[in-house]
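Enquirer: Please find input-v5.cif (mmCIF, N, CA and C atoms; chains and numbers go by the auth columns) on the next line:
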```cif
data_upload
loop_
_atom_site.group_PDB
_atom_site.id
_atom_site.type_symbol
_atom_site.label_atom_id
_atom_site.label_comp_id
_atom_site.label_asym_id
_atom_site.label_seq_id
_atom_site.Cartn_x
_atom_site.Cartn_y
_atom_site.Cartn_z
_atom_site.B_iso_or_equiv
_atom_site.auth_seq_id
_atom_site.auth_asym_id
ATOM 1 N N MET A 1 2.131 94.915 5.098 0.00 1 A
ATOM 2 C CA MET A 1 3.016 95.283 6.177 0.00 1 A
ATOM 3 C C MET A 1 3.618 96.643 5.833 0.00 1 A
ATOM 4 N N PHE A 2 3.698 97.488 6.846 0.00 2 A
ATOM 5 C CA PHE A 2 4.298 98.798 6.673 0.00 2 A
ATOM 6 C C PHE A 2 5.559 98.910 7.518 0.00 2 A
ATOM 7 N N LEU A 3 6.578 99.533 6.950 0.00 3 A
ATOM 8 C CA LEU A 3 7.797 99.873 7.664 0.00 3 A
ATOM 9 C C LEU A 3 7.997 101.371 7.494 0.00 3 A
ATOM 10 N N ARG A 4 8.946 101.933 8.218 0.00 4 A
ATOM 11 C CA ARG A 4 9.230 103.364 8.120 0.00 4 A
ATOM 12 C C ARG A 4 10.661 103.550 7.635 0.00 4 A
ATOM 13 N N GLU A 5 10.835 104.469 6.696 0.00 5 A
ATOM 14 C CA GLU A 5 12.168 104.800 6.191 0.00 5 A
ATOM 15 C C GLU A 5 12.830 105.746 7.193 0.00 5 A
ATOM 16 N N LYS A 6 14.043 105.396 7.652 0.00 6 A
ATOM 17 C CA LYS A 6 14.722 106.182 8.681 0.00 6 A
ATOM 18 C C LYS A 6 14.971 107.626 8.246 0.00 6 A
ATOM 19 N N SER A 7 15.483 107.803 7.031 0.00 7 A
ATOM 20 C CA SER A 7 15.912 109.134 6.605 0.00 7 A
ATOM 21 C C SER A 7 14.768 110.115 6.389 0.00 7 A
ATOM 22 N N THR A 8 13.633 109.652 5.896 0.00 8 A
ATOM 23 C CA THR A 8 12.523 110.548 5.578 0.00 8 A
ATOM 24 C C THR A 8 11.368 110.457 6.570 0.00 8 A
ATOM 25 N N GLY A 9 11.251 109.326 7.250 0.00 9 A
ATOM 26 C CA GLY A 9 10.125 109.103 8.149 0.00 9 A
ATOM 27 C C GLY A 9 8.867 108.653 7.424 0.00 9 A
ATOM 28 N N ASP A 10 8.964 108.462 6.099 0.00 10 A
ATOM 29 C CA ASP A 10 7.810 108.026 5.309 0.00 10 A
ATOM 30 C C ASP A 10 7.495 106.561 5.559 0.00 10 A
ATOM 31 N N LEU A 11 6.209 106.225 5.513 0.00 11 A
ATOM 32 C CA LEU A 11 5.796 104.831 5.603 0.00 11 A
ATOM 33 C C LEU A 11 6.051 104.146 4.271 0.00 11 A
ATOM 34 N N VAL A 12 6.494 102.903 4.335 0.00 12 A
ATOM 35 C CA VAL A 12 6.773 102.101 3.146 0.00 12 A
ATOM 36 C C VAL A 12 5.903 100.858 3.213 0.00 12 A
ATOM 37 N N GLU A 13 5.068 100.672 2.210 0.00 13 A
ATOM 38 C CA GLU A 13 4.257 99.462 2.108 0.00 13 A
ATOM 39 C C GLU A 13 5.111 98.386 1.448 0.00 13 A
ATOM 40 N N VAL A 14 5.322 97.280 2.133 0.00 14 A
ATOM 41 C CA VAL A 14 6.145 96.186 1.617 0.00 14 A
ATOM 42 C C VAL A 14 5.325 95.398 0.590 0.00 14 A
ATOM 43 N N ILE A 15 5.918 95.158 -0.582 0.00 15 A
ATOM 44 C CA ILE A 15 5.224 94.436 -1.641 0.00 15 A
ATOM 45 C C ILE A 15 5.205 92.934 -1.352 0.00 15 A
ATOM 46 N N ARG A 16 6.371 92.368 -1.022 0.00 16 A
ATOM 47 C CA ARG A 16 6.478 90.927 -0.722 0.00 16 A
ATOM 48 C C ARG A 16 6.992 90.774 0.707 0.00 16 A
ATOM 49 N N ILE A 17 6.127 90.382 1.609 0.00 17 A
ATOM 50 C CA ILE A 17 6.499 90.273 3.021 0.00 17 A
ATOM 51 C C ILE A 17 7.648 89.275 3.221 0.00 17 A
ATOM 52 N N GLU A 18 7.674 88.222 2.401 0.00 18 A
ATOM 53 C CA GLU A 18 8.736 87.212 2.548 0.00 18 A
ATOM 54 C C GLU A 18 10.122 87.829 2.409 0.00 18 A
ATOM 55 N N ASP A 19 10.243 88.872 1.612 0.00 19 A
ATOM 56 C CA ASP A 19 11.547 89.506 1.393 0.00 19 A
ATOM 57 C C ASP A 19 12.057 90.193 2.656 0.00 19 A
ATOM 58 N N VAL A 20 11.159 90.646 3.511 0.00 20 A
ATOM 59 C CA VAL A 20 11.567 91.347 4.726 0.00 20 A
ATOM 60 C C VAL A 20 12.301 90.407 5.668 0.00 20 A
ATOM 61 N N TYR A 21 11.786 89.211 5.844 0.00 21 A
ATOM 62 C CA TYR A 21 12.422 88.306 6.807 0.00 21 A
ATOM 63 C C TYR A 21 13.410 87.336 6.175 0.00 21 A
ATOM 64 N N ASP A 22 13.751 87.514 4.904 0.00 22 A
ATOM 65 C CA ASP A 22 14.800 86.717 4.258 0.00 22 A
ATOM 66 C C ASP A 22 16.133 87.408 4.499 0.00 22 A
ATOM 67 N N PRO A 23 16.990 86.842 5.362 0.00 23 A
ATOM 68 C CA PRO A 23 18.240 87.520 5.710 0.00 23 A
ATOM 69 C C PRO A 23 19.233 87.603 4.554 0.00 23 A
ATOM 70 N N CYS A 24 19.017 86.861 3.493 0.00 24 A
ATOM 71 C CA CYS A 24 19.934 86.895 2.352 0.00 24 A
ATOM 72 C C CYS A 24 19.647 88.061 1.404 0.00 24 A
ATOM 73 N N LEU A 25 18.541 88.746 1.601 0.00 25 A
ATOM 74 C CA LEU A 25 18.197 89.893 0.759 0.00 25 A
ATOM 75 C C LEU A 25 18.515 91.188 1.502 0.00 25 A
ATOM 76 N N ASN A 26 19.248 92.078 0.839 0.00 26 A
ATOM 77 C CA ASN A 26 19.582 93.369 1.433 0.00 26 A
ATOM 78 C C ASN A 26 18.557 94.440 1.094 0.00 26 A
ATOM 79 N N GLU A 27 17.758 94.186 0.059 0.00 27 A
ATOM 80 C CA GLU A 27 16.779 95.168 -0.389 0.00 27 A
ATOM 81 C C GLU A 27 15.404 94.523 -0.523 0.00 27 A
ATOM 82 N N ILE A 28 14.388 95.356 -0.411 0.00 28 A
ATOM 83 C CA ILE A 28 13.013 94.892 -0.613 0.00 28 A
ATOM 84 C C ILE A 28 12.322 95.842 -1.588 0.00 28 A
ATOM 85 N N MET A 29 11.237 95.373 -2.171 0.00 29 A
ATOM 86 C CA MET A 29 10.406 96.219 -3.021 0.00 29 A
ATOM 87 C C MET A 29 9.268 96.774 -2.170 0.00 29 A
ATOM 88 N N GLY A 30 9.006 98.058 -2.347 0.00 30 A
ATOM 89 C CA GLY A 30 7.924 98.682 -1.616 0.00 30 A
ATOM 90 C C GLY A 30 7.519 99.977 -2.279 0.00 30 A
ATOM 91 N N ARG A 31 6.480 100.586 -1.727 0.00 31 A
ATOM 92 C CA ARG A 31 6.061 101.896 -2.235 0.00 31 A
ATOM 93 C C ARG A 31 5.791 102.808 -1.048 0.00 31 A
ATOM 94 N N THR A 32 6.249 104.026 -1.183 0.00 32 A
ATOM 95 C CA THR A 32 6.057 104.990 -0.102 0.00 32 A
ATOM 96 C C THR A 32 4.622 105.463 -0.045 0.00 32 A
ATOM 97 N N HIS A 33 4.215 105.829 1.144 0.00 33 A
ATOM 98 C CA HIS A 33 2.888 106.389 1.361 0.00 33 A
ATOM 99 C C HIS A 33 3.081 107.801 1.896 0.00 33 A
ATOM 100 N N ALA A 34 3.380 108.699 0.970 0.00 34 A
ATOM 101 C CA ALA A 34 3.535 110.114 1.294 0.00 34 A
ATOM 102 C C ALA A 34 2.760 110.884 0.241 0.00 34 A
ATOM 103 N N GLY A 35 1.716 111.526 0.635 0.00 35 A
ATOM 104 C CA GLY A 35 0.860 112.200 -0.328 0.00 35 A
ATOM 105 C C GLY A 35 -0.386 111.382 -0.577 0.00 35 A
ATOM 106 N N GLU A 36 -1.179 111.796 -1.542 0.00 36 A
ATOM 107 C CA GLU A 36 -2.460 111.151 -1.788 0.00 36 A
ATOM 108 C C GLU A 36 -2.428 110.078 -2.855 0.00 36 A
ATOM 109 N N GLU A 37 -1.445 110.135 -3.753 0.00 37 A
ATOM 110 C CA GLU A 37 -1.394 109.165 -4.841 0.00 37 A
ATOM 111 C C GLU A 37 -0.523 107.967 -4.467 0.00 37 A
ATOM 112 N N ILE A 38 -0.898 106.803 -4.974 0.00 38 A
ATOM 113 C CA ILE A 38 -0.089 105.601 -4.767 0.00 38 A
ATOM 114 C C ILE A 38 1.180 105.740 -5.596 0.00 38 A
ATOM 115 N N GLN A 39 2.309 105.546 -4.961 0.00 39 A
ATOM 116 C CA GLN A 39 3.600 105.687 -5.628 0.00 39 A
ATOM 117 C C GLN A 39 3.978 104.392 -6.344 0.00 39 A
ATOM 118 N N ASP A 40 4.858 104.514 -7.333 0.00 40 A
ATOM 119 C CA ASP A 40 5.368 103.343 -8.032 0.00 40 A
ATOM 120 C C ASP A 40 6.291 102.556 -7.108 0.00 40 A
ATOM 121 N N PRO A 41 6.310 101.223 -7.236 0.00 41 A
ATOM 122 C CA PRO A 41 7.223 100.415 -6.413 0.00 41 A
ATOM 123 C C PRO A 41 8.685 100.769 -6.706 0.00 41 A
ATOM 124 N N THR A 42 9.476 100.746 -5.670 0.00 42 A
ATOM 125 C CA THR A 42 10.908 100.988 -5.786 0.00 42 A
ATOM 126 C C THR A 42 11.634 100.117 -4.769 0.00 42 A
ATOM 127 N N THR A 43 12.947 100.038 -4.860 0.00 43 A
ATOM 128 C CA THR A 43 13.709 99.223 -3.913 0.00 43 A
ATOM 129 C C THR A 43 14.130 100.064 -2.715 0.00 43 A
ATOM 130 N N PHE A 44 14.147 99.419 -1.557 0.00 44 A
ATOM 131 C CA PHE A 44 14.576 100.035 -0.311 0.00 44 A
ATOM 132 C C PHE A 44 15.596 99.113 0.343 0.00 44 A
ATOM 133 N N THR A 45 16.650 99.688 0.868 0.00 45 A
ATOM 134 C CA THR A 45 17.646 98.926 1.604 0.00 45 A
ATOM 135 C C THR A 45 17.094 98.616 2.991 0.00 45 A
ATOM 136 N N LYS A 46 17.162 97.348 3.400 0.00 46 A
ATOM 137 C CA LYS A 46 16.598 96.949 4.695 0.00 46 A
ATOM 138 C C LYS A 46 17.279 97.667 5.860 0.00 46 A
ATOM 139 N N ALA A 47 18.550 98.013 5.690 0.00 47 A
ATOM 140 C CA ALA A 47 19.269 98.713 6.752 0.00 47 A
ATOM 141 C C ALA A 47 18.686 100.097 7.011 0.00 47 A
ATOM 142 N N GLU A 48 17.967 100.653 6.046 0.00 48 A
ATOM 143 C CA GLU A 48 17.378 101.980 6.182 0.00 48 A
ATOM 144 C C GLU A 48 15.916 101.945 6.623 0.00 48 A
ATOM 145 N N LEU A 49 15.420 100.757 6.995 0.00 49 A
ATOM 146 C CA LEU A 49 14.021 100.611 7.379 0.00 49 A
ATOM 147 C C LEU A 49 13.897 100.194 8.845 0.00 49 A
ATOM 148 N N VAL A 50 12.853 100.666 9.483 0.00 50 A
ATOM 149 C CA VAL A 50 12.530 100.283 10.862 0.00 50 A
ATOM 150 C C VAL A 50 11.023 100.037 10.921 0.00 50 A
ATOM 151 N N PHE A 51 10.548 99.484 12.021 0.00 51 A
ATOM 152 C CA PHE A 51 9.118 99.348 12.233 0.00 51 A
ATOM 153 C C PHE A 51 8.524 100.752 12.432 0.00 51 A
ATOM 154 N N PRO A 52 7.233 100.929 12.182 0.00 52 A
ATOM 155 C CA PRO A 52 6.616 102.243 12.374 0.00 52 A
ATOM 156 C C PRO A 52 6.830 102.817 13.785 0.00 52 A
ATOM 157 N N SER A 53 7.009 101.953 14.769 0.00 53 A
ATOM 158 C CA SER A 53 7.251 102.399 16.146 0.00 53 A
ATOM 159 C C SER A 53 8.659 102.946 16.331 0.00 53 A
ATOM 160 N N GLY A 54 9.542 102.735 15.346 0.00 54 A
ATOM 161 C CA GLY A 54 10.933 103.158 15.454 0.00 54 A
ATOM 162 C C GLY A 54 11.874 102.038 15.844 0.00 54 A
ATOM 163 N N GLU A 55 11.316 100.881 16.195 0.00 55 A
ATOM 164 C CA GLU A 55 12.123 99.734 16.593 0.00 55 A
ATOM 165 C C GLU A 55 12.838 99.156 15.374 0.00 55 A
ATOM 166 N N ALA A 56 14.096 98.763 15.549 0.00 56 A
ATOM 167 C CA ALA A 56 14.890 98.191 14.461 0.00 56 A
ATOM 168 C C ALA A 56 14.353 96.818 14.056 0.00 56 A
ATOM 169 N N LEU A 57 14.628 96.433 12.825 0.00 57 A
ATOM 170 C CA LEU A 57 14.270 95.092 12.370 0.00 57 A
ATOM 171 C C LEU A 57 15.119 94.074 13.116 0.00 57 A
ATOM 172 N N PRO A 58 14.608 92.889 13.382 0.00 58 A
ATOM 173 C CA PRO A 58 15.391 91.859 14.076 0.00 58 A
ATOM 174 C C PRO A 58 16.643 91.496 13.286 0.00 58 A
ATOM 175 N N ARG A 59 17.702 91.225 14.001 0.00 59 A
ATOM 176 C CA ARG A 59 18.974 90.882 13.356 0.00 59 A
ATOM 177 C C ARG A 59 18.842 89.641 12.477 0.00 59 A
ATOM 178 N N CYS A 60 18.009 88.690 12.878 0.00 60 A
ATOM 179 C CA CYS A 60 17.845 87.459 12.093 0.00 60 A
ATOM 180 C C CYS A 60 17.175 87.733 10.747 0.00 60 A
ATOM 181 N N TRP A 61 16.582 88.892 10.554 0.00 61 A
ATOM 182 C CA TRP A 61 15.990 89.280 9.266 0.00 61 A
ATOM 183 C C TRP A 61 17.006 89.984 8.370 0.00 61 A
ATOM 184 N N ILE A 62 18.126 90.423 8.949 0.00 62 A
ATOM 185 C CA ILE A 62 19.096 91.237 8.217 0.00 62 A
ATOM 186 C C ILE A 62 20.419 90.520 7.993 0.00 62 A
ATOM 187 N N ASP A 63 20.885 89.769 8.977 0.00 63 A
ATOM 188 C CA ASP A 63 22.213 89.155 8.945 0.00 63 A
ATOM 189 C C ASP A 63 22.123 87.682 8.568 0.00 63 A
ATOM 190 N N PRO A 64 22.607 87.309 7.357 0.00 64 A
ATOM 191 C CA PRO A 64 22.516 85.907 6.939 0.00 64 A
ATOM 192 C C PRO A 64 23.366 84.963 7.789 0.00 64 A
ATOM 193 N N GLU A 65 24.347 85.490 8.518 0.00 65 A
ATOM 194 C CA GLU A 65 25.207 84.641 9.346 0.00 65 A
ATOM 195 C C GLU A 65 24.713 84.539 10.785 0.00 65 A
ATOM 196 N N TYR A 66 23.585 85.161 11.079 0.00 66 A
ATOM 197 C CA TYR A 66 23.070 85.189 12.452 0.00 66 A
ATOM 198 C C TYR A 66 22.842 83.788 13.010 0.00 66 A
ATOM 199 N N ALA A 67 22.181 82.927 12.251 0.00 67 A
ATOM 200 C CA ALA A 67 21.882 81.571 12.739 0.00 67 A
ATOM 201 C C ALA A 67 23.172 80.802 13.010 0.00 67 A
ATOM 202 N N MET A 68 24.167 80.966 12.138 0.00 68 A
ATOM 203 C CA MET A 68 25.432 80.265 12.316 0.00 68 A
ATOM 204 C C MET A 68 26.161 80.799 13.557 0.00 68 A
ATOM 205 N N LEU A 69 26.162 82.108 13.752 0.00 69 A
ATOM 206 C CA LEU A 69 26.824 82.691 14.917 0.00 69 A
ATOM 207 C C LEU A 69 26.130 82.283 16.213 0.00 69 A
ATOM 208 N N LYS A 70 24.802 82.223 16.183 0.00 70 A
ATOM 209 C CA LYS A 70 24.046 81.810 17.364 0.00 70 A
ATOM 210 C C LYS A 70 24.355 80.358 17.712 0.00 70 A
ATOM 211 N N ALA A 71 24.413 79.489 16.694 0.00 71 A
ATOM 212 C CA ALA A 71 24.728 78.076 16.928 0.00 71 A
ATOM 213 C C ALA A 71 26.142 77.928 17.478 0.00 71 A
ATOM 214 N N ARG A 72 27.061 78.711 16.944 0.00 72 A
ATOM 215 C CA ARG A 72 28.448 78.663 17.407 0.00 72 A
ATOM 216 C C ARG A 72 28.539 79.101 18.868 0.00 72 A
ATOM 217 N N ALA A 73 27.807 80.146 19.230 0.00 73 A
ATOM 218 C CA ALA A 73 27.826 80.647 20.605 0.00 73 A
ATOM 219 C C ALA A 73 27.239 79.613 21.559 0.00 73 A
ATOM 220 N N GLN A 74 26.189 78.920 21.144 0.00 74 A
ATOM 221 C CA GLN A 74 25.583 77.908 22.000 0.00 74 A
ATOM 222 C C GLN A 74 26.488 76.700 22.177 0.00 74 A
ATOM 223 N N SER A 75 27.337 76.413 21.192 0.00 75 A
ATOM 224 C CA SER A 75 28.220 75.264 21.304 0.00 75 A
ATOM 225 C C SER A 75 29.339 75.520 22.305 0.00 75 A
ATOM 226 N N PHE A 76 29.584 76.807 22.649 0.00 76 A
ATOM 227 C CA PHE A 76 30.623 77.136 23.599 0.00 76 A
ATOM 228 C C PHE A 76 30.125 77.212 25.029 0.00 76 A
ATOM 229 N N VAL A 77 28.848 76.996 25.233 0.00 77 A
ATOM 230 C CA VAL A 77 28.276 77.038 26.577 0.00 77 A
ATOM 231 C C VAL A 77 28.772 75.826 27.363 0.00 77 A
ATOM 232 N N ILE A 78 29.328 76.085 28.511 0.00 78 A
ATOM 233 C CA ILE A 78 29.835 75.000 29.363 0.00 78 A
ATOM 234 C C ILE A 78 28.722 74.599 30.317 0.00 78 A
ATOM 235 N N GLN A 79 28.392 73.353 30.318 0.00 79 A
ATOM 236 C CA GLN A 79 27.351 72.869 31.203 0.00 79 A
ATOM 237 C C GLN A 79 27.989 72.235 32.433 0.00 79 A
ATOM 238 N N VAL A 80 27.513 72.692 33.581 0.00 80 A
ATOM 239 C CA VAL A 80 28.016 72.181 34.862 0.00 80 A
ATOM 240 C C VAL A 80 26.916 71.344 35.479 0.00 80 A
ATOM 241 N N SER A 81 27.253 70.112 35.907 0.00 81 A
ATOM 242 C CA SER A 81 26.231 69.288 36.520 0.00 81 A
ATOM 243 C C SER A 81 26.462 69.123 37.991 0.00 81 A
#
```
Rewrite the structure from the file as structure tokens, please.
Expert:
Amino acid sequence: MFLREKSTGDLVEVIRIEDVYDPCLNEIMGRTHAGEEIQDPTTFTKAELVFPSGEALPRCWIDPEYAMLKARAQSFVIQVS
């Protein structure tokens, strides 16, 4: 899986895909693809990464409280019959 670093525009090859969608992790391991040589793995902050199209990562991949907030919001829905 490839993501793009916001600040540089470089493509980042994700080492462990599971880390991307784990909302409890703020950083992932990856290697940039800029130039001809394979770069050494380094850590990237998920907040600084987007999809290659420029689209932001889903909130459920970044915010560990997202599921709890969504459940709380659904519990406040008033049902009218």
Enquirer: List as JSON, numbers by chain the protein and nucleic acid residues near Pro23 in chain A, meaning an atom at most 8 Å away when all atoms listed in the file are counted, but skip any in the same chain fewer than 4 places from it.
Expert: {"A": [18, 19, 59, 60, 61, 62, 63, 64, 65, 66]}
Enquirer: Selected residues, N, CA and C atoms, written as a JSON list (two decimals), keeping the file's coordinate frame, please.
Expert:
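result07.json, written as the output of this step:
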```json
[["chain", "number", "residue", "atom", "x", "y", "z"],
["A", 18, "GLU", "N", 7.67, 88.22, 2.40],
["A", 18, "GLU", "CA", 8.74, 87.21, 2.55],
["A", 18, "GLU", "C", 10.12, 87.83, 2.41],
["A", 19, "ASP", "N", 10.24, 88.87, 1.61],
["A", 19, "ASP", "CA", 11.55, 89.51, 1.39],
["A", 19, "ASP", "C", 12.06, 90.19, 2.66],
["A", 59, "ARG", "N", 17.70, 91.22, 14.00],
["A", 59, "ARG", "CA", 18.97, 90.88, 13.36],
["A", 59, "ARG", "C", 18.84, 89.64, 12.48],
["A", 60, "CYS", "N", 18.01, 88.69, 12.88],
["A", 60, "CYS", "CA", 17.84, 87.46, 12.09],
["A", 60, "CYS", "C", 17.18, 87.73, 10.75],
["A", 61, "TRP", "N", 16.58, 88.89, 10.55],
["A", 61, "TRP", "CA", 15.99, 89.28, 9.27],
["A", 61, "TRP", "C", 17.01, 89.98, 8.37],
["A", 62, "ILE", "N", 18.13, 90.42, 8.95],
["A", 62, "ILE", "CA", 19.10, 91.24, 8.22],
["A", 62, "ILE", "C", 20.42, 90.52, 7.99],
["A", 63, "ASP", "N", 20.88, 89.77, 8.98],
["A", 63, "ASP", "CA", 22.21, 89.16, 8.94],
["A", 63, "ASP", "C", 22.12, 87.68, 8.57],
["A", 64, "PRO", "N", 22.61, 87.31, 7.36],
["A", 64, "PRO", "CA", 22.52, 85.91, 6.94],
["A", 64, "PRO", "C", 23.37, 84.96, 7.79],
["A", 65, "GLU", "N", 24.35, 85.49, 8.52],
["A", 65, "GLU", "CA", 25.21, 84.64, 9.35],
["A", 65, "GLU", "C", 24.71, 84.54, 10.78],
["A", 66, "TYR", "N", 23.58, 85.16, 11.08],
["A", 66, "TYR", "CA", 23.07, 85.19, 12.45],
["A", 66, "TYR", "C", 22.84, 83.79, 13.01]]
```
Enquirer: What residues come out when you apply the PyMOL selection byres ((chain A and resi 2) around 6) to this file, written as a PyMOL selection string?
Expert: chain A and resi 1+3-4+12-14+51-52
Enquirer: Take every atom of range 51-55 of chain A listed in the file, fit an axis-aligned box around them, add 8 Å per side, and give the centre and edge lengths in Å to one decimal as JSON.
Expert:
```
{"center_x": 9.7, "center_y": 101.2, "center_z": 14.3, "size_x": 22.2, "size_y": 20.0, "size_z": 20.6}
```
Enquirer: When DSSP works through the backbone of this structure, what residues of chain A end up as alpha helix (DSSP H), shown as number ranges by chain?
Expert: A: 17-20, 59-62, 66-75
Enquirer: Between CA of Gly9 in chain A and CA of Thr32 in chain A, what is the distance in Å, rounded to a tenth?
Expert: 10.1 Å
Enquirer: On this structure, the PyMOL selection byres ((chain A and resi 45) around 7) would catch which residues? List them as a ChimeraX atom specification, sorted by chain and number.
Expert: /A:26-28,43-44,46-49
Enquirer: Could I see range 44-60 of chain A restored to N, CA, C and O atoms, set down as a short mmCIF file (atom, residue, chain, number, x, y, z; two decimals), in the coordinates of the input?
Expert:
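Full text of selection-v4.cif as output:
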```
data_model
loop_
_atom_site.label_atom_id
_atom_site.label_comp_id
_atom_site.auth_asym_id
_atom_site.auth_seq_id
_atom_site.Cartn_x
_atom_site.Cartn_y
_atom_site.Cartn_z
N PHE A 44 14.15 99.42 -1.56
CA PHE A 44 14.58 100.04 -0.31
C PHE A 44 15.60 99.11 0.34
O PHE A 44 15.41 97.90 0.37
N THR A 45 16.65 99.69 0.87
CA THR A 45 17.65 98.93 1.60
C THR A 45 17.09 98.62 2.99
O THR A 45 16.61 99.52 3.69
N LYS A 46 17.16 97.35 3.40
CA LYS A 46 16.60 96.95 4.70
C LYS A 46 17.28 97.67 5.86
O LYS A 46 16.65 97.94 6.87
N ALA A 47 18.55 98.01 5.69
CA ALA A 47 19.27 98.71 6.75
C ALA A 47 18.69 100.10 7.01
O ALA A 47 18.88 100.66 8.09
N GLU A 48 17.97 100.65 6.05
CA GLU A 48 17.38 101.98 6.18
C GLU A 48 15.92 101.94 6.62
O GLU A 48 15.25 102.97 6.61
N LEU A 49 15.42 100.76 7.00
CA LEU A 49 14.02 100.61 7.38
C LEU A 49 13.90 100.19 8.85
O LEU A 49 14.75 99.46 9.36
N VAL A 50 12.85 100.67 9.48
CA VAL A 50 12.53 100.28 10.86
C VAL A 50 11.02 100.04 10.92
O VAL A 50 10.29 100.36 9.98
N PHE A 51 10.55 99.48 12.02
CA PHE A 51 9.12 99.35 12.23
C PHE A 51 8.52 100.75 12.43
O PHE A 51 9.24 101.67 12.83
N PRO A 52 7.23 100.93 12.18
CA PRO A 52 6.62 102.24 12.37
C PRO A 52 6.83 102.82 13.78
O PRO A 52 6.87 104.02 13.97
N SER A 53 7.01 101.95 14.77
CA SER A 53 7.25 102.40 16.15
C SER A 53 8.66 102.95 16.33
O SER A 53 8.96 103.54 17.36
N GLY A 54 9.54 102.74 15.35
CA GLY A 54 10.93 103.16 15.45
C GLY A 54 11.87 102.04 15.84
O GLY A 54 13.09 102.20 15.84
N GLU A 55 11.32 100.88 16.20
CA GLU A 55 12.12 99.73 16.59
C GLU A 55 12.84 99.16 15.37
O GLU A 55 12.27 99.06 14.29
N ALA A 56 14.10 98.76 15.55
CA ALA A 56 14.89 98.19 14.46
C ALA A 56 14.35 96.82 14.06
O ALA A 56 13.72 96.13 14.86
N LEU A 57 14.63 96.43 12.82
CA LEU A 57 14.27 95.09 12.37
C LEU A 57 15.12 94.07 13.12
O LEU A 57 16.28 94.35 13.45
N PRO A 58 14.61 92.89 13.38
CA PRO A 58 15.39 91.86 14.08
C PRO A 58 16.64 91.50 13.29
O PRO A 58 16.63 91.47 12.06
N ARG A 59 17.70 91.22 14.00
CA ARG A 59 18.97 90.88 13.36
C ARG A 59 18.84 89.64 12.48
O ARG A 59 19.46 89.55 11.43
N CYS A 60 18.01 88.69 12.88
CA CYS A 60 17.84 87.46 12.09
C CYS A 60 17.18 87.73 10.75
O CYS A 60 17.19 86.87 9.87
#
```
